[in-house]
Amino acid sequence: MTHKKRLPAPKHYPIQRKQNTYVSTIKGSRSSDNAVPAVLVLRDILEYADTEKEAKQIVKNGDLLRNGDPIRDIKEGIGILDVIEIPETEEVYRVIRKGKYLEFVDVEDSEKTAGKVVGKSVEGDEFVYRLHNGENYRTKDEFNTGSTLVFNGGVKEFKLEEDTEVLVIKGKHAGEKVQVEEIITRGMNSNVGRVNKNGQEFETQLENLVAIGDLEVE
């Protein structure tokens with residue numbers, strides 16, 4: 001079993017680092033740079049479990065949902081934009097980046113799950129969209145790379161474009177809701193957004209921005 005000592009755990013883990021316990025590494029599609037393992041969520045963040053063994057039992061019972069589906073392994077990652085639910089307590093959280101840490105925000109729209117399109121390909125008569133969380137979505141409908149797809153019975157697209165509200169998910173402004181004023185192309189693969197928050201402007205890479213539409217993120 002692979003573990004990391006608490007002290008060198010990734011900096012985005014919202015945990016105390018000087019206790020003599022351990023945290024598991026992440027498995028599954030989520031990036032270790034933007035996710036935490038389920039055991040940490042249950043034991044250290046939400047405090048539903050005192051030990052890893054108790055966290056395993058919660059997962060075994062199907063009592064931790066990620067985007068509507070039960071998590072089956074305590075090492076599975078929970079990352080940015082994921083919605084997690086504890087059916088027994090009816091608590092629902094969406095994960096966002098707040099500064100250097102991940103933050104779990106209380107929300108009511110448990111049915112609204114979302115993924116940012118970071119790449120797409122064509123297979124037969126279907127488009128295959130690669131989402132920011134490592135998952136794929138197949139459909140005959142065409143969407144734009146960079147858009148946020150929101151799944152709530154059907155699929156709604158929120159485009160990453162000028163005059164839209166976005167969430168910053170990386171960098172010192174992570175966690176802030178801002179307005180895109182201009183999209184600037186600098187070189188072949190260097191698109192940045194000039195954004196505005198309460199009259200203060202700054203620029204950031206488009207990869208750091210997620211169109212949020214009507215998603216609850218605070």
# chains A, B, ... in the order shown; residues from 1 in each chain; ligands from 1
call {"tool": "residues_around", "arguments": {"residues": "Ile80 (chain A)", "least_positions_apart": "2", "cutoff": "8 Å", "atoms": "only C-alpha atoms", "output": "PyMOL selection string"}}
result
chain A and resi 34-35+78+82+94-97+102+133+169
call {"tool": "closest_atom_pairs", "arguments": {"of": "region 72-131 of chain A", "to": "region 145-166 of chain A", "cutoff": "12 Å", "atoms": "only C-alpha atoms", "output": "tab-separated table"}}
result
residue	atom	partner	partner_atom	distance
A:Leu81	CA	A:Thr148	CA	10.3
A:Asp82	CA	A:Val150	CA	11.4
A:Val83	CA	A:Phe151	CA	11.5
A:Asp109	CA	A:Asn152	CA	9.2
A:Ser110	CA	A:Asn152	CA	9.1
A:Glu111	CA	A:Asn152	CA	5.6
A:Lys112	CA	A:Asn152	CA	4.9
A:Thr113	CA	A:Phe151	CA	5.3
A:Ala114	CA	A:Val150	CA	4.4
A:Gly115	CA	A:Leu149	CA	5.4
A:Lys116	CA	A:Thr148	CA	4.2
A:Val117	CA	A:Gly146	CA	5.1
A:Val118	CA	A:Thr145	CA	5.8
A:Gly119	CA	A:Thr145	CA	5.9
A:Lys120	CA	A:Thr145	CA	7.0
A:Ser121	CA	A:Thr145	CA	10.5
A:Phe127	CA	A:Thr145	CA	11.6
A:Val128	CA	A:Thr145	CA	11.2
A:Tyr129	CA	A:Thr145	CA	8.3
A:Arg130	CA	A:Thr145	CA	9.1
A:Leu131	CA	A:Thr148	CA	8.9
call {"tool": "atom_distance", "arguments": {"atom1": "CA of Leu167 (chain A)", "atom2": "CA of Leu215 (chain A)"}}
result
10.1 Å
call {"tool": "residues_around", "arguments": {"residues": "Val195 (chain A)", "least_positions_apart": "4", "cutoff": "6 Å", "atoms": "only C-alpha atoms", "output": "list of chain:residue names"}}
result
A:Gln179, A:Val180, A:Glu181, A:Glu201, A:Phe202
call {"tool": "atom_distance", "arguments": {"atom1": "CA of Glu176 (chain A)", "atom2": "CA of Arg43 (chain A)"}}
result
27.3 Å
call {"tool": "closest_residue", "arguments": {"among": "A:Lys177, A:Lys53, A:Arg186, A:Arg66", "to": "Ile86 (chain A)", "atoms": "only C-alpha atoms"}}
result
A:Arg66
call {"tool": "residues_around", "arguments": {"residues": "Lys75 (chain A)", "least_positions_apart": "6", "cutoff": "6 Å", "atoms": "only C-alpha atoms", "output": "list in words"}}
result
Ile26, Lys27, Pro37 and Ala38 of chain A
call {"tool": "select_by_dssp", "arguments": {"residues": "region 24-213 of chain A", "states": "helix (DSSP H, G or I)", "output": "list of chain:residue names"}}
result
A:Ala38, A:Val39, A:Leu40, A:Val41, A:Leu42, A:Arg43, A:Asp44, A:Ile45, A:Glu52, A:Lys53, A:Glu54, A:Ala55, A:Lys56, A:Gln57, A:Ile58, A:Val59, A:Lys60, A:Leu206, A:Glu207, A:Asn208
call {"tool": "residues_around", "arguments": {"residues": "Gly99 (chain A)", "least_positions_apart": "5", "cutoff": "8 Å", "atoms": "only C-alpha atoms", "output": "NGL selection string"}}
result
:A and (170-175)
call {"tool": "closest_residue", "arguments": {"among": "A:Lys140, A:Arg30, A:Arg194, A:Lys98", "to": "Asp125 (chain A)", "atoms": "only C-alpha atoms"}}
result
A:Lys140
call {"tool": "closest_residue", "arguments": {"among": "A:Ile184, A:Ile45, A:Leu40, A:Val210", "to": "Glu103 (chain A)", "atoms": "only C-alpha atoms"}}
result
A:Ile45
call {"tool": "closest_residue", "arguments": {"among": "A:Ile74, A:Val107, A:Val192, A:Leu64", "to": "Thr51 (chain A)", "atoms": "only C-alpha atoms"}}
result
A:Ile74
call {"tool": "atom_distance", "arguments": {"atom1": "CA of Gly68 (chain A)", "atom2": "CA of His132 (chain A)"}}
result
17.6 Å
call {"tool": "select_by_dssp", "arguments": {"residues": "chain A", "states": "strand (DSSP E or B)", "output": "PyMOL selection string"}}
result
chain A and resi 3-5+22-24+27+35-37+65-66+69-70+76-79+83-86+91-98+101-106+113-123+126-131+136-139+148-152+154-158+165-168+177-185+191-197+200-205+209-211
call {"tool": "closest_residue", "arguments": {"among": "A:Ser29, A:Glu182, A:Tyr48, A:Thr89", "to": "Asn136 (chain A)", "atoms": "only C-alpha atoms"}}
result
A:Ser29
call {"tool": "closest_residue", "arguments": {"among": "A:Ile71, A:Leu46, A:Ile212, A:Ala55", "to": "Val92 (chain A)", "atoms": "only C-alpha atoms"}}
result
A:Leu46
call {"tool": "residues_around", "arguments": {"residues": "Gln205 (chain A)", "least_positions_apart": "4", "cutoff": "8 Å", "atoms": "only C-alpha atoms", "output": "number ranges by chain"}}
result
A: 190-193, 209
